[in-house]
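One structure is given below, encoded as structure tokens.
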Amino acid sequence: MERMRFLGIFSNNRDEFFRVRVATLLRMTKMGKSAAKILGDDPDMVMEKIQKITIDQQEHFEHIYQQLLKELAAQNIFITNEKELNPVQGKFVRDYFHDHVLQMLVPIMLDSTPEFPSLKDKIIYLIIKLARKDKKPKYSIVEIPSDKLSRFLVLPTSDDKKYIILLDDVIRYCLDDVFSIFEYDAVESYTVKMTLDAELDIENDVSKSLVEKISKSVKKRKKGQPVRMIYDEAMPADILHYLKTKLKMHKEDRYVPGGRYHNFKDFIDFPRIGRHDLRFNPMPPIEHRDFAGQKSLLKVIKEKDLLLVYPYHTFLHTLELLREASIDPKVESIKITLYRVANNSNVINALINAVKNGKSVTAVVEVQARFDEEANIYWADKLIEEGVKVVYGVPGLKVHSKLFLITRNEKGLRVNYASIGTGNFNENTAKLYSDLTLLTSDKKITNEVASVFNFYLDNLKAGTYRHLIVSPFTMRKKFLKLIDNEIANAKAGKTAYIILKLNSIVDHEIISKLYEASKARVKIKLIIRGTCSLVPGVTGVSENIEGISIIGRYLEHGRIFVFCNGGDEKYFISSADWMVRNLDFRSEVAVPIYDAELKAELKKILDIQFSDNTKSRILDKKQKNKHKQTDSSVLVNSHEEIYKYFKNRKSAVKNPTLNKTKISEVRSN
């Protein structure tokens, strides 16, 4: 079942790749020779490579899917189609079609329309041919309403076998009912899907607000230029030719043959049927041991720094903290950055509740969060209606930092409590994304978080930062300086190492600096989940760099930076990857971890991940993605082991005296 879901994740990621990256390439093909200078290669040549890789991937994808169908069948779970239904199943499907589906269908007779209809992005269609003897065939196209109905229908059964039919095949089974007014001898139907350019064209109109410009651009996106068409490879040549003629997409590399079913992203929500052991073992989020049984979370944070590690810890702590702040009479204000929030956001509810309780609430809402622009504009409007002060990011920068700041009046003094993290304030993704959040009342940190918010409110106040690393002001320079420090220590014969955990590393200047460090014999270890332009293990360049990528049940999203620093290790967590956009064109924050206990937690997480020998893959020049092998006979799945680690810590006996001593040492520094 989980492998079915992963096929959906893969499909969704590839769709986004085409909607954004390939769309950009297609735009560049119109720029002529200058495009090759910008890209470093001819865009048409790159498109050819993408086409070849895509077809190879699709063949591999289809092979895995067919293998999974066999494995499901061995467990008495079957995905059936319209040709395999027995009479009882057929009646159930037809009844479901008439009760739920038919009223949502809008068949378009293509012979009657002067122009081929604009096909929507993220939607699948059936192209239908109604054949009649000695007469010209009729063509129709029908949108499959999978955005309104489940893609899957579980059929009734009288035995231990379970059957699922896709919505596509429900419609195919009932096409006679849809086209009953036409006389035809045979009907053929094949799936088609269009991918559109999703890049926003934002007008440079000074008379319009950013929100107006974004809103208009989002509407245009829905009618973006076609990037590719995926079609059922079983589609006969005459129907395919008809489609190509009507669509007027002239280049062959924009037509991608696929299987019978498209929009596999829907398989992320594959029905949860069959035995429990066909899915991952449940790993319910854990209560942080320092919050257990506490009435006030703010009081706990006043005493010590805490690290929440999602999805192992429950996101309820963040919601509880905001809820407590919303009703605490001593809390004066709450400031927060919002990049992507949940559909039914309890974070938004907590902020609105705080306003109703007389708190001053400021939300920095980034309306340029790709594919969440509409949602963020909606939430911003909702917050404004309720009295929240909304700031729409920073002109020229995306606000990607993950911060909130609670200000409390304690005996006439203003005391700040801050949350600085790597992931969004989103209760849904917090169950799936591996992220980190520091909760602290340390003045060294909280005063600088306040400076970041001052910058968001007044862009002329950039602020001064001795502890936080903030882009685009200090981040690039500071990280380069930290790498240079390791190079200097290595050349002086001291122990020198760097440990990096990122989503992506593509920045040329930083990669060049890491190569320089490797040549100076600085030991560098990487965990890079996504794009890695740095090539480890190249003799004379990067032989002192080794890297892995971990793909498992959770999406690795946290960023951790460790520098040896002559034995006095420096630890940071951050919202930023090492990409040009994060370092130079976004507002990002990296926060130092000063507490010795929290450093030990981060070290343990990294140690577990580097020992993973089931879900980690080697990063190398050949990009073979081979699974990491170790000498150990024990299988280590890092996601399961980290969960066990925090579960054991939750149940372990705490030593409050020791903890307090560590905190006092940190505070005095």
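Every chain in the structure tokens has a letter given in the order shown (A, B, ...), and although residue numbers restart at 1 in each chain, ligands are simply numbered from 1 in the order shown.
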
Give me, as a compact mmCIF listing (two decimals) with all heavy atoms, in the first residue's frame, the residues of stretch 53-282 of chain A that a backbone DSSP run labels strand (DSSP E or B).
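File produced: result_9.txt:
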```
# COMPACT_ATOMS: atom_id res chain seq x y z
N ILE A 77 -6.50 -8.45 -3.08
CA ILE A 77 -6.92 -7.08 -3.39
C ILE A 77 -6.71 -6.87 -4.88
O ILE A 77 -5.60 -7.06 -5.39
CB ILE A 77 -6.10 -6.05 -2.58
CG1 ILE A 77 -6.33 -6.26 -1.08
CG2 ILE A 77 -6.49 -4.62 -2.98
CD1 ILE A 77 -5.40 -5.43 -0.21
N PHE A 78 -7.75 -6.48 -5.59
CA PHE A 78 -7.70 -6.41 -7.04
C PHE A 78 -8.17 -5.03 -7.53
O PHE A 78 -9.18 -4.51 -7.05
CB PHE A 78 -8.60 -7.48 -7.67
CG PHE A 78 -8.24 -8.88 -7.26
CD1 PHE A 78 -8.81 -9.45 -6.11
CD2 PHE A 78 -7.33 -9.63 -7.99
CE1 PHE A 78 -8.48 -10.73 -5.71
CE2 PHE A 78 -7.01 -10.92 -7.60
CZ PHE A 78 -7.58 -11.48 -6.46
N ILE A 79 -7.40 -4.46 -8.46
CA ILE A 79 -7.87 -3.28 -9.18
C ILE A 79 -8.48 -3.79 -10.48
O ILE A 79 -7.78 -4.32 -11.34
CB ILE A 79 -6.73 -2.28 -9.45
CG1 ILE A 79 -6.16 -1.76 -8.13
CG2 ILE A 79 -7.24 -1.11 -10.29
CD1 ILE A 79 -5.04 -0.76 -8.29
N THR A 80 -9.78 -3.66 -10.58
CA THR A 80 -10.49 -4.19 -11.73
C THR A 80 -10.83 -3.06 -12.70
O THR A 80 -10.65 -1.88 -12.38
CB THR A 80 -11.76 -4.93 -11.28
OG1 THR A 80 -12.32 -5.63 -12.38
CG2 THR A 80 -12.80 -3.97 -10.70
N ILE A 108 -17.97 17.35 -24.21
CA ILE A 108 -17.88 18.35 -25.28
C ILE A 108 -17.74 17.61 -26.61
O ILE A 108 -16.80 16.83 -26.80
CB ILE A 108 -16.68 19.29 -25.05
CG1 ILE A 108 -16.86 20.05 -23.73
CG2 ILE A 108 -16.52 20.27 -26.21
CD1 ILE A 108 -15.66 20.88 -23.33
N MET A 109 -18.69 17.85 -27.51
CA MET A 109 -18.65 17.24 -28.84
C MET A 109 -17.71 18.08 -29.70
O MET A 109 -18.00 19.23 -30.05
CB MET A 109 -20.05 17.17 -29.45
CG MET A 109 -21.05 16.42 -28.60
SD MET A 109 -20.49 14.73 -28.12
CE MET A 109 -20.35 13.95 -29.75
N ASP A 121 -5.05 22.12 -16.25
CA ASP A 121 -3.91 21.47 -15.61
C ASP A 121 -4.40 20.59 -14.47
O ASP A 121 -5.45 20.85 -13.88
CB ASP A 121 -2.96 22.53 -15.08
CG ASP A 121 -1.57 22.00 -14.79
OD1 ASP A 121 -1.26 20.89 -15.25
OD2 ASP A 121 -0.80 22.69 -14.13
N ILE A 124 -7.56 15.00 -15.63
CA ILE A 124 -7.49 13.97 -16.66
C ILE A 124 -8.78 13.97 -17.47
O ILE A 124 -9.85 14.31 -16.97
CB ILE A 124 -7.22 12.57 -16.06
CG1 ILE A 124 -7.99 12.37 -14.77
CG2 ILE A 124 -5.76 12.32 -15.89
CD1 ILE A 124 -7.83 11.01 -14.16
N TYR A 125 -8.64 13.59 -18.72
CA TYR A 125 -9.76 13.58 -19.65
C TYR A 125 -9.84 12.23 -20.36
O TYR A 125 -8.82 11.53 -20.50
CB TYR A 125 -9.59 14.67 -20.72
CG TYR A 125 -9.61 16.07 -20.18
CD1 TYR A 125 -8.45 16.66 -19.67
CD2 TYR A 125 -10.78 16.83 -20.17
CE1 TYR A 125 -8.46 17.96 -19.18
CE2 TYR A 125 -10.80 18.13 -19.68
CZ TYR A 125 -9.64 18.69 -19.18
OH TYR A 125 -9.66 19.96 -18.70
N LEU A 126 -11.04 11.90 -20.83
CA LEU A 126 -11.22 10.79 -21.76
C LEU A 126 -11.48 11.38 -23.14
O LEU A 126 -12.40 12.18 -23.31
CB LEU A 126 -12.40 9.91 -21.34
CG LEU A 126 -12.23 9.01 -20.12
CD1 LEU A 126 -13.52 8.24 -19.84
CD2 LEU A 126 -11.06 8.05 -20.30
N ILE A 127 -10.64 11.02 -24.10
CA ILE A 127 -10.92 11.35 -25.49
C ILE A 127 -11.71 10.17 -26.06
O ILE A 127 -11.28 9.01 -25.94
CB ILE A 127 -9.64 11.64 -26.30
CG1 ILE A 127 -9.97 11.94 -27.75
CG2 ILE A 127 -8.63 10.52 -26.19
CD1 ILE A 127 -10.55 13.30 -27.98
N ILE A 128 -12.86 10.44 -26.59
CA ILE A 128 -13.81 9.38 -26.96
C ILE A 128 -14.09 9.44 -28.45
O ILE A 128 -14.35 10.53 -29.01
CB ILE A 128 -15.12 9.53 -26.16
CG1 ILE A 128 -14.81 9.38 -24.66
CG2 ILE A 128 -16.17 8.51 -26.59
CD1 ILE A 128 -15.82 10.02 -23.76
N LYS A 129 -14.04 8.29 -29.10
CA LYS A 129 -14.37 8.17 -30.52
C LYS A 129 -15.63 7.33 -30.66
O LYS A 129 -15.66 6.17 -30.22
CB LYS A 129 -13.21 7.54 -31.29
CG LYS A 129 -13.50 7.32 -32.77
CD LYS A 129 -12.32 6.61 -33.45
CE LYS A 129 -12.63 6.30 -34.90
NZ LYS A 129 -11.52 5.56 -35.56
N LEU A 130 -16.68 7.91 -31.26
CA LEU A 130 -17.92 7.18 -31.54
C LEU A 130 -17.91 6.82 -33.02
O LEU A 130 -18.01 7.70 -33.89
CB LEU A 130 -19.13 8.06 -31.21
CG LEU A 130 -19.20 8.61 -29.77
CD1 LEU A 130 -20.33 9.61 -29.64
CD2 LEU A 130 -19.37 7.48 -28.78
N ALA A 131 -17.74 5.54 -33.30
CA ALA A 131 -17.59 5.08 -34.70
C ALA A 131 -18.92 4.60 -35.26
O ALA A 131 -19.70 3.94 -34.56
CB ALA A 131 -16.55 3.97 -34.76
N ARG A 132 -19.18 4.97 -36.53
CA ARG A 132 -20.39 4.52 -37.23
C ARG A 132 -20.01 4.02 -38.62
O ARG A 132 -19.11 4.59 -39.26
CB ARG A 132 -21.40 5.66 -37.35
CG ARG A 132 -21.91 6.17 -36.01
CD ARG A 132 -23.00 7.21 -36.18
NE ARG A 132 -22.48 8.43 -36.79
CZ ARG A 132 -23.24 9.47 -37.12
NH1 ARG A 132 -24.55 9.42 -36.94
NH2 ARG A 132 -22.71 10.56 -37.65
N LYS A 135 -19.79 6.26 -42.07
CA LYS A 135 -19.97 7.67 -41.71
C LYS A 135 -18.75 8.16 -40.96
O LYS A 135 -18.00 7.38 -40.35
CB LYS A 135 -21.23 7.85 -40.86
CG LYS A 135 -22.52 7.64 -41.63
CD LYS A 135 -23.72 8.00 -40.76
CE LYS A 135 -25.01 7.82 -41.55
NZ LYS A 135 -26.21 8.16 -40.73
N LYS A 136 -18.57 9.46 -40.99
CA LYS A 136 -17.44 10.05 -40.29
C LYS A 136 -17.63 9.89 -38.79
O LYS A 136 -18.71 10.14 -38.27
CB LYS A 136 -17.36 11.54 -40.65
CG LYS A 136 -16.10 12.23 -40.16
CD LYS A 136 -16.08 13.68 -40.63
CE LYS A 136 -14.82 14.39 -40.14
NZ LYS A 136 -14.80 15.81 -40.56
N PRO A 137 -16.58 9.45 -38.05
CA PRO A 137 -16.73 9.26 -36.60
C PRO A 137 -16.91 10.60 -35.88
O PRO A 137 -16.50 11.65 -36.36
CB PRO A 137 -15.42 8.59 -36.19
CG PRO A 137 -14.43 9.03 -37.22
CD PRO A 137 -15.21 9.13 -38.51
N LYS A 138 -17.54 10.53 -34.72
CA LYS A 138 -17.67 11.69 -33.86
C LYS A 138 -16.66 11.58 -32.72
O LYS A 138 -16.39 10.49 -32.22
CB LYS A 138 -19.09 11.78 -33.29
CG LYS A 138 -20.16 12.22 -34.28
CD LYS A 138 -21.49 12.37 -33.58
CE LYS A 138 -22.55 12.89 -34.54
NZ LYS A 138 -22.26 14.27 -35.01
N TYR A 139 -16.13 12.72 -32.32
CA TYR A 139 -15.17 12.76 -31.22
C TYR A 139 -15.73 13.62 -30.09
O TYR A 139 -16.39 14.64 -30.32
CB TYR A 139 -13.83 13.33 -31.67
CG TYR A 139 -13.08 12.45 -32.63
CD1 TYR A 139 -13.22 12.61 -34.01
CD2 TYR A 139 -12.24 11.45 -32.16
CE1 TYR A 139 -12.53 11.80 -34.89
CE2 TYR A 139 -11.54 10.63 -33.04
CZ TYR A 139 -11.69 10.81 -34.40
OH TYR A 139 -11.01 9.99 -35.27
N SER A 140 -15.44 13.19 -28.88
CA SER A 140 -15.86 13.95 -27.70
C SER A 140 -14.75 13.88 -26.66
O SER A 140 -13.89 13.00 -26.70
CB SER A 140 -17.14 13.36 -27.12
OG SER A 140 -17.54 14.07 -25.95
N ILE A 141 -14.77 14.86 -25.77
CA ILE A 141 -13.82 14.83 -24.66
C ILE A 141 -14.59 15.07 -23.37
O ILE A 141 -15.50 15.92 -23.32
CB ILE A 141 -12.69 15.86 -24.86
CG1 ILE A 141 -11.53 15.56 -23.89
CG2 ILE A 141 -13.17 17.29 -24.72
CD1 ILE A 141 -10.23 16.19 -24.31
N VAL A 142 -14.26 14.30 -22.33
CA VAL A 142 -14.98 14.36 -21.06
C VAL A 142 -13.95 14.52 -19.94
O VAL A 142 -12.99 13.76 -19.84
CB VAL A 142 -15.81 13.08 -20.82
CG1 VAL A 142 -16.44 13.11 -19.42
CG2 VAL A 142 -16.89 12.93 -21.89
N GLU A 143 -14.18 15.52 -19.10
CA GLU A 143 -13.33 15.73 -17.93
C GLU A 143 -13.72 14.74 -16.85
O GLU A 143 -14.89 14.60 -16.51
CB GLU A 143 -13.49 17.16 -17.43
CG GLU A 143 -12.68 17.47 -16.19
CD GLU A 143 -12.89 18.88 -15.69
OE1 GLU A 143 -13.05 19.79 -16.54
OE2 GLU A 143 -12.91 19.08 -14.45
N PHE A 152 -11.10 6.51 -6.52
CA PHE A 152 -11.25 5.07 -6.29
C PHE A 152 -12.63 4.74 -5.75
O PHE A 152 -13.14 5.45 -4.88
CB PHE A 152 -10.19 4.57 -5.30
CG PHE A 152 -8.79 4.94 -5.69
CD1 PHE A 152 -8.17 6.05 -5.12
CD2 PHE A 152 -8.09 4.20 -6.62
CE1 PHE A 152 -6.89 6.42 -5.48
CE2 PHE A 152 -6.80 4.55 -6.99
CZ PHE A 152 -6.20 5.66 -6.42
N LEU A 153 -13.21 3.68 -6.25
CA LEU A 153 -14.50 3.18 -5.75
C LEU A 153 -14.29 1.74 -5.30
O LEU A 153 -13.89 0.88 -6.10
CB LEU A 153 -15.56 3.24 -6.86
CG LEU A 153 -16.95 2.69 -6.49
CD1 LEU A 153 -17.57 3.52 -5.36
CD2 LEU A 153 -17.87 2.68 -7.72
N VAL A 154 -14.50 1.48 -4.01
CA VAL A 154 -14.37 0.12 -3.48
C VAL A 154 -15.70 -0.60 -3.71
O VAL A 154 -16.76 -0.11 -3.31
CB VAL A 154 -14.02 0.15 -1.98
CG1 VAL A 154 -13.92 -1.27 -1.43
CG2 VAL A 154 -12.71 0.91 -1.75
N LEU A 155 -15.63 -1.73 -4.37
CA LEU A 155 -16.83 -2.46 -4.76
C LEU A 155 -17.27 -3.40 -3.65
O LEU A 155 -16.44 -3.90 -2.87
CB LEU A 155 -16.57 -3.26 -6.04
CG LEU A 155 -16.14 -2.43 -7.26
CD1 LEU A 155 -15.83 -3.34 -8.44
CD2 LEU A 155 -17.22 -1.43 -7.62
N LYS A 162 -11.22 -8.30 -2.22
CA LYS A 162 -11.61 -6.89 -2.26
C LYS A 162 -11.30 -6.32 -3.64
O LYS A 162 -10.21 -6.56 -4.18
CB LYS A 162 -10.89 -6.11 -1.17
CG LYS A 162 -11.17 -6.65 0.23
CD LYS A 162 -10.54 -5.80 1.30
CE LYS A 162 -10.76 -6.42 2.68
NZ LYS A 162 -12.19 -6.52 3.03
N TYR A 163 -12.25 -5.56 -4.19
CA TYR A 163 -12.10 -5.02 -5.54
C TYR A 163 -12.21 -3.50 -5.52
O TYR A 163 -13.05 -2.93 -4.83
CB TYR A 163 -13.18 -5.59 -6.47
CG TYR A 163 -13.04 -7.08 -6.72
CD1 TYR A 163 -13.65 -8.00 -5.88
CD2 TYR A 163 -12.29 -7.55 -7.79
CE1 TYR A 163 -13.52 -9.36 -6.10
CE2 TYR A 163 -12.16 -8.91 -8.02
CZ TYR A 163 -12.78 -9.82 -7.17
OH TYR A 163 -12.65 -11.17 -7.39
N ILE A 164 -11.34 -2.87 -6.32
CA ILE A 164 -11.33 -1.41 -6.47
C ILE A 164 -11.43 -1.10 -7.96
O ILE A 164 -10.76 -1.74 -8.78
CB ILE A 164 -10.02 -0.81 -5.91
CG1 ILE A 164 -9.86 -1.13 -4.43
CG2 ILE A 164 -9.98 0.71 -6.13
CD1 ILE A 164 -8.45 -0.88 -3.91
N ILE A 165 -12.25 -0.14 -8.30
CA ILE A 165 -12.31 0.33 -9.69
C ILE A 165 -12.03 1.82 -9.69
O ILE A 165 -12.46 2.56 -8.79
CB ILE A 165 -13.67 0.01 -10.35
CG1 ILE A 165 -13.63 0.33 -11.85
CG2 ILE A 165 -14.83 0.73 -9.66
CD1 ILE A 165 -14.83 -0.18 -12.63
N LEU A 166 -11.30 2.29 -10.69
CA LEU A 166 -10.99 3.71 -10.79
C LEU A 166 -12.17 4.47 -11.40
O LEU A 166 -12.94 3.92 -12.19
CB LEU A 166 -9.74 3.94 -11.64
CG LEU A 166 -8.42 3.95 -10.84
CD1 LEU A 166 -8.06 2.55 -10.39
CD2 LEU A 166 -7.29 4.56 -11.64
N ALA A 186 -19.52 1.42 -32.36
CA ALA A 186 -18.44 1.12 -31.41
C ALA A 186 -17.98 2.41 -30.74
O ALA A 186 -18.08 3.50 -31.32
CB ALA A 186 -17.26 0.45 -32.11
N VAL A 187 -17.51 2.28 -29.50
CA VAL A 187 -16.99 3.43 -28.77
C VAL A 187 -15.60 3.09 -28.23
O VAL A 187 -15.37 1.99 -27.73
CB VAL A 187 -17.94 3.84 -27.61
CG1 VAL A 187 -18.12 2.69 -26.62
CG2 VAL A 187 -17.42 5.07 -26.89
N GLU A 188 -14.69 4.02 -28.41
CA GLU A 188 -13.34 3.86 -27.88
C GLU A 188 -13.05 5.05 -26.97
O GLU A 188 -13.45 6.18 -27.27
CB GLU A 188 -12.30 3.83 -29.01
CG GLU A 188 -12.44 2.68 -29.98
CD GLU A 188 -11.42 2.78 -31.11
OE1 GLU A 188 -10.22 2.52 -30.84
OE2 GLU A 188 -11.82 3.14 -32.23
N SER A 189 -12.32 4.80 -25.89
CA SER A 189 -11.98 5.90 -24.98
C SER A 189 -10.56 5.70 -24.44
O SER A 189 -10.17 4.59 -24.09
CB SER A 189 -12.97 5.96 -23.81
OG SER A 189 -12.95 4.76 -23.08
N TYR A 190 -9.82 6.81 -24.40
CA TYR A 190 -8.43 6.77 -23.95
C TYR A 190 -8.14 8.01 -23.09
O TYR A 190 -8.70 9.09 -23.32
CB TYR A 190 -7.48 6.73 -25.15
CG TYR A 190 -7.72 5.54 -26.03
CD1 TYR A 190 -8.60 5.62 -27.11
CD2 TYR A 190 -7.12 4.31 -25.75
CE1 TYR A 190 -8.87 4.51 -27.90
CE2 TYR A 190 -7.37 3.20 -26.54
CZ TYR A 190 -8.25 3.30 -27.60
OH TYR A 190 -8.52 2.19 -28.37
N THR A 191 -7.26 7.82 -22.12
CA THR A 191 -6.98 8.90 -21.18
C THR A 191 -5.95 9.88 -21.74
O THR A 191 -4.98 9.48 -22.37
CB THR A 191 -6.45 8.33 -19.86
OG1 THR A 191 -7.25 7.22 -19.47
CG2 THR A 191 -6.50 9.36 -18.76
N VAL A 192 -6.21 11.16 -21.47
CA VAL A 192 -5.32 12.24 -21.90
C VAL A 192 -5.14 13.19 -20.71
O VAL A 192 -6.07 13.42 -19.95
CB VAL A 192 -5.92 13.03 -23.08
CG1 VAL A 192 -5.08 14.25 -23.41
CG2 VAL A 192 -6.04 12.14 -24.30
N LYS A 193 -3.94 13.72 -20.58
CA LYS A 193 -3.66 14.69 -19.51
C LYS A 193 -2.74 15.77 -20.04
O LYS A 193 -1.75 15.46 -20.72
CB LYS A 193 -3.02 13.98 -18.32
CG LYS A 193 -2.54 14.92 -17.22
CD LYS A 193 -1.79 14.13 -16.16
CE LYS A 193 -1.05 15.04 -15.22
NZ LYS A 193 -0.25 14.30 -14.25
N MET A 194 -3.05 17.01 -19.72
CA MET A 194 -2.24 18.14 -20.17
C MET A 194 -1.52 18.76 -18.98
O MET A 194 -2.09 18.90 -17.89
CB MET A 194 -3.14 19.19 -20.82
CG MET A 194 -2.39 20.27 -21.55
SD MET A 194 -1.53 19.66 -23.01
CE MET A 194 -2.93 19.32 -24.08
N THR A 195 -0.25 19.11 -19.18
CA THR A 195 0.51 19.86 -18.17
C THR A 195 0.74 21.26 -18.70
O THR A 195 1.24 21.42 -19.83
CB THR A 195 1.86 19.17 -17.87
OG1 THR A 195 1.62 17.83 -17.45
CG2 THR A 195 2.60 19.91 -16.77
N LEU A 196 0.41 22.26 -17.89
CA LEU A 196 0.50 23.65 -18.32
C LEU A 196 1.63 24.37 -17.60
O LEU A 196 2.05 23.99 -16.50
CB LEU A 196 -0.82 24.38 -18.04
CG LEU A 196 -2.09 23.79 -18.65
CD1 LEU A 196 -3.29 24.65 -18.31
CD2 LEU A 196 -1.96 23.63 -20.16
N PRO A 226 0.55 25.02 -22.94
CA PRO A 226 0.79 23.58 -22.76
C PRO A 226 2.28 23.27 -22.76
O PRO A 226 3.03 23.77 -23.59
CB PRO A 226 0.09 22.96 -23.96
CG PRO A 226 -0.88 23.98 -24.45
CD PRO A 226 -0.26 25.30 -24.13
N VAL A 227 2.71 22.46 -21.81
CA VAL A 227 4.10 22.03 -21.71
C VAL A 227 4.26 20.62 -22.27
O VAL A 227 5.22 20.30 -22.95
CB VAL A 227 4.58 22.09 -20.24
CG1 VAL A 227 5.98 21.53 -20.11
CG2 VAL A 227 4.52 23.52 -19.74
N ARG A 228 3.31 19.75 -21.97
CA ARG A 228 3.35 18.38 -22.49
C ARG A 228 1.94 17.81 -22.46
O ARG A 228 1.06 18.27 -21.74
CB ARG A 228 4.27 17.49 -21.64
CG ARG A 228 3.78 17.32 -20.23
CD ARG A 228 4.50 16.25 -19.45
NE ARG A 228 3.95 16.20 -18.10
CZ ARG A 228 4.19 15.25 -17.22
NH1 ARG A 228 4.98 14.26 -17.51
NH2 ARG A 228 3.64 15.29 -16.02
N MET A 229 1.74 16.79 -23.28
CA MET A 229 0.50 16.01 -23.23
C MET A 229 0.88 14.55 -23.00
O MET A 229 1.71 14.00 -23.73
CB MET A 229 -0.28 16.13 -24.54
CG MET A 229 -1.64 15.41 -24.49
SD MET A 229 -2.44 15.24 -26.10
CE MET A 229 -1.61 13.78 -26.75
N ILE A 230 0.30 13.96 -21.98
CA ILE A 230 0.50 12.52 -21.72
C ILE A 230 -0.73 11.80 -22.24
O ILE A 230 -1.86 12.23 -22.01
CB ILE A 230 0.66 12.25 -20.22
CG1 ILE A 230 1.74 13.15 -19.63
CG2 ILE A 230 1.02 10.79 -19.97
CD1 ILE A 230 1.87 13.05 -18.13
N TYR A 231 -0.49 10.71 -22.94
CA TYR A 231 -1.61 9.97 -23.52
C TYR A 231 -1.40 8.47 -23.33
O TYR A 231 -0.28 7.99 -23.14
CB TYR A 231 -1.76 10.30 -25.01
CG TYR A 231 -0.56 9.92 -25.86
CD1 TYR A 231 -0.49 8.68 -26.50
CD2 TYR A 231 0.51 10.81 -26.02
CE1 TYR A 231 0.61 8.33 -27.25
CE2 TYR A 231 1.61 10.46 -26.77
CZ TYR A 231 1.66 9.22 -27.40
OH TYR A 231 2.75 8.87 -28.15
N ASP A 232 -2.49 7.75 -23.37
CA ASP A 232 -2.47 6.29 -23.28
C ASP A 232 -1.74 5.75 -24.51
O ASP A 232 -2.16 6.01 -25.65
CB ASP A 232 -3.91 5.78 -23.22
CG ASP A 232 -3.98 4.27 -23.00
OD1 ASP A 232 -2.97 3.58 -23.20
OD2 ASP A 232 -5.07 3.79 -22.63
N TYR A 255 4.93 15.33 -26.46
CA TYR A 255 3.94 14.26 -26.36
C TYR A 255 4.59 13.07 -25.67
O TYR A 255 5.61 12.55 -26.14
CB TYR A 255 3.42 13.86 -27.74
CG TYR A 255 2.67 14.96 -28.45
CD1 TYR A 255 3.32 15.80 -29.35
CD2 TYR A 255 1.31 15.18 -28.20
CE1 TYR A 255 2.64 16.82 -29.99
CE2 TYR A 255 0.63 16.20 -28.84
CZ TYR A 255 1.29 17.02 -29.74
OH TYR A 255 0.61 18.03 -30.36
N VAL A 256 4.03 12.66 -24.55
CA VAL A 256 4.64 11.60 -23.75
C VAL A 256 3.68 10.41 -23.64
O VAL A 256 2.59 10.55 -23.08
CB VAL A 256 5.00 12.10 -22.34
CG1 VAL A 256 5.66 11.00 -21.53
CG2 VAL A 256 5.90 13.33 -22.42
N PRO A 257 4.05 9.25 -24.20
CA PRO A 257 3.19 8.07 -24.05
C PRO A 257 3.21 7.55 -22.62
O PRO A 257 4.24 7.60 -21.95
CB PRO A 257 3.81 7.07 -25.02
CG PRO A 257 5.24 7.48 -25.13
CD PRO A 257 5.27 8.96 -24.96
N GLY A 258 2.08 7.10 -22.14
CA GLY A 258 1.99 6.57 -20.78
C GLY A 258 1.08 5.36 -20.74
O GLY A 258 0.72 4.79 -21.77
```

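Excluding stretch 12-23 of chain A and any residue on its chain fewer than 3 positions from it, the residues at most 8 Å away by only C-alpha atoms are A:Gly8, A:Ile9, A:Leu26, A:Arg27, A:Met47, A:Thr195, A:Leu196, A:Asp197, A:Ala198, A:Glu199, A:Val227, A:Arg228, A:Asn263, A:Phe264, A:Lys265.
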
Expected answer as a PyMOL selection string: alpha helix (DSSP H) residues in stretch 265-314 of chain A:
chain A and resi 297-303

Write the selection just made, keeping C-alpha atoms, as a compact mmCIF listing (two decimals), in the first residue's frame?
```txt
# COMPACT_ATOMS: atom_id res chain seq x y z
CA LEU A 297 4.29 25.67 28.04
CA LEU A 298 5.61 29.24 28.30
CA LYS A 299 6.88 28.53 31.82
CA VAL A 300 8.78 25.48 30.55
CA ILE A 301 10.38 27.51 27.75
CA LYS A 302 11.30 30.20 30.28
CA GLU A 303 13.41 27.61 32.11
```

Between atom CA of A:Gln67 and atom CA of A:Val93 lies a distance of 26.3 Å

Pull the closest atom pair for each residue of stretch 470-559 of chain A that gets at most 12 Å from stretch 639-649 of chain A, along with the distance in Å to one decimal, counting only C-alpha atoms, ordering rows by chain and then ascending residue number, as a tab-separated table.
```
residue	atom	partner	partner_atom	distance
A:Ile550	CA	A:His639	CA	9.5
A:Ile551	CA	A:His639	CA	9.7
A:Gly552	CA	A:His639	CA	7.3
A:Arg553	CA	A:His639	CA	7.3
A:Tyr554	CA	A:His639	CA	7.3
A:Leu555	CA	A:His639	CA	10.0
A:Glu556	CA	A:His639	CA	9.6
```
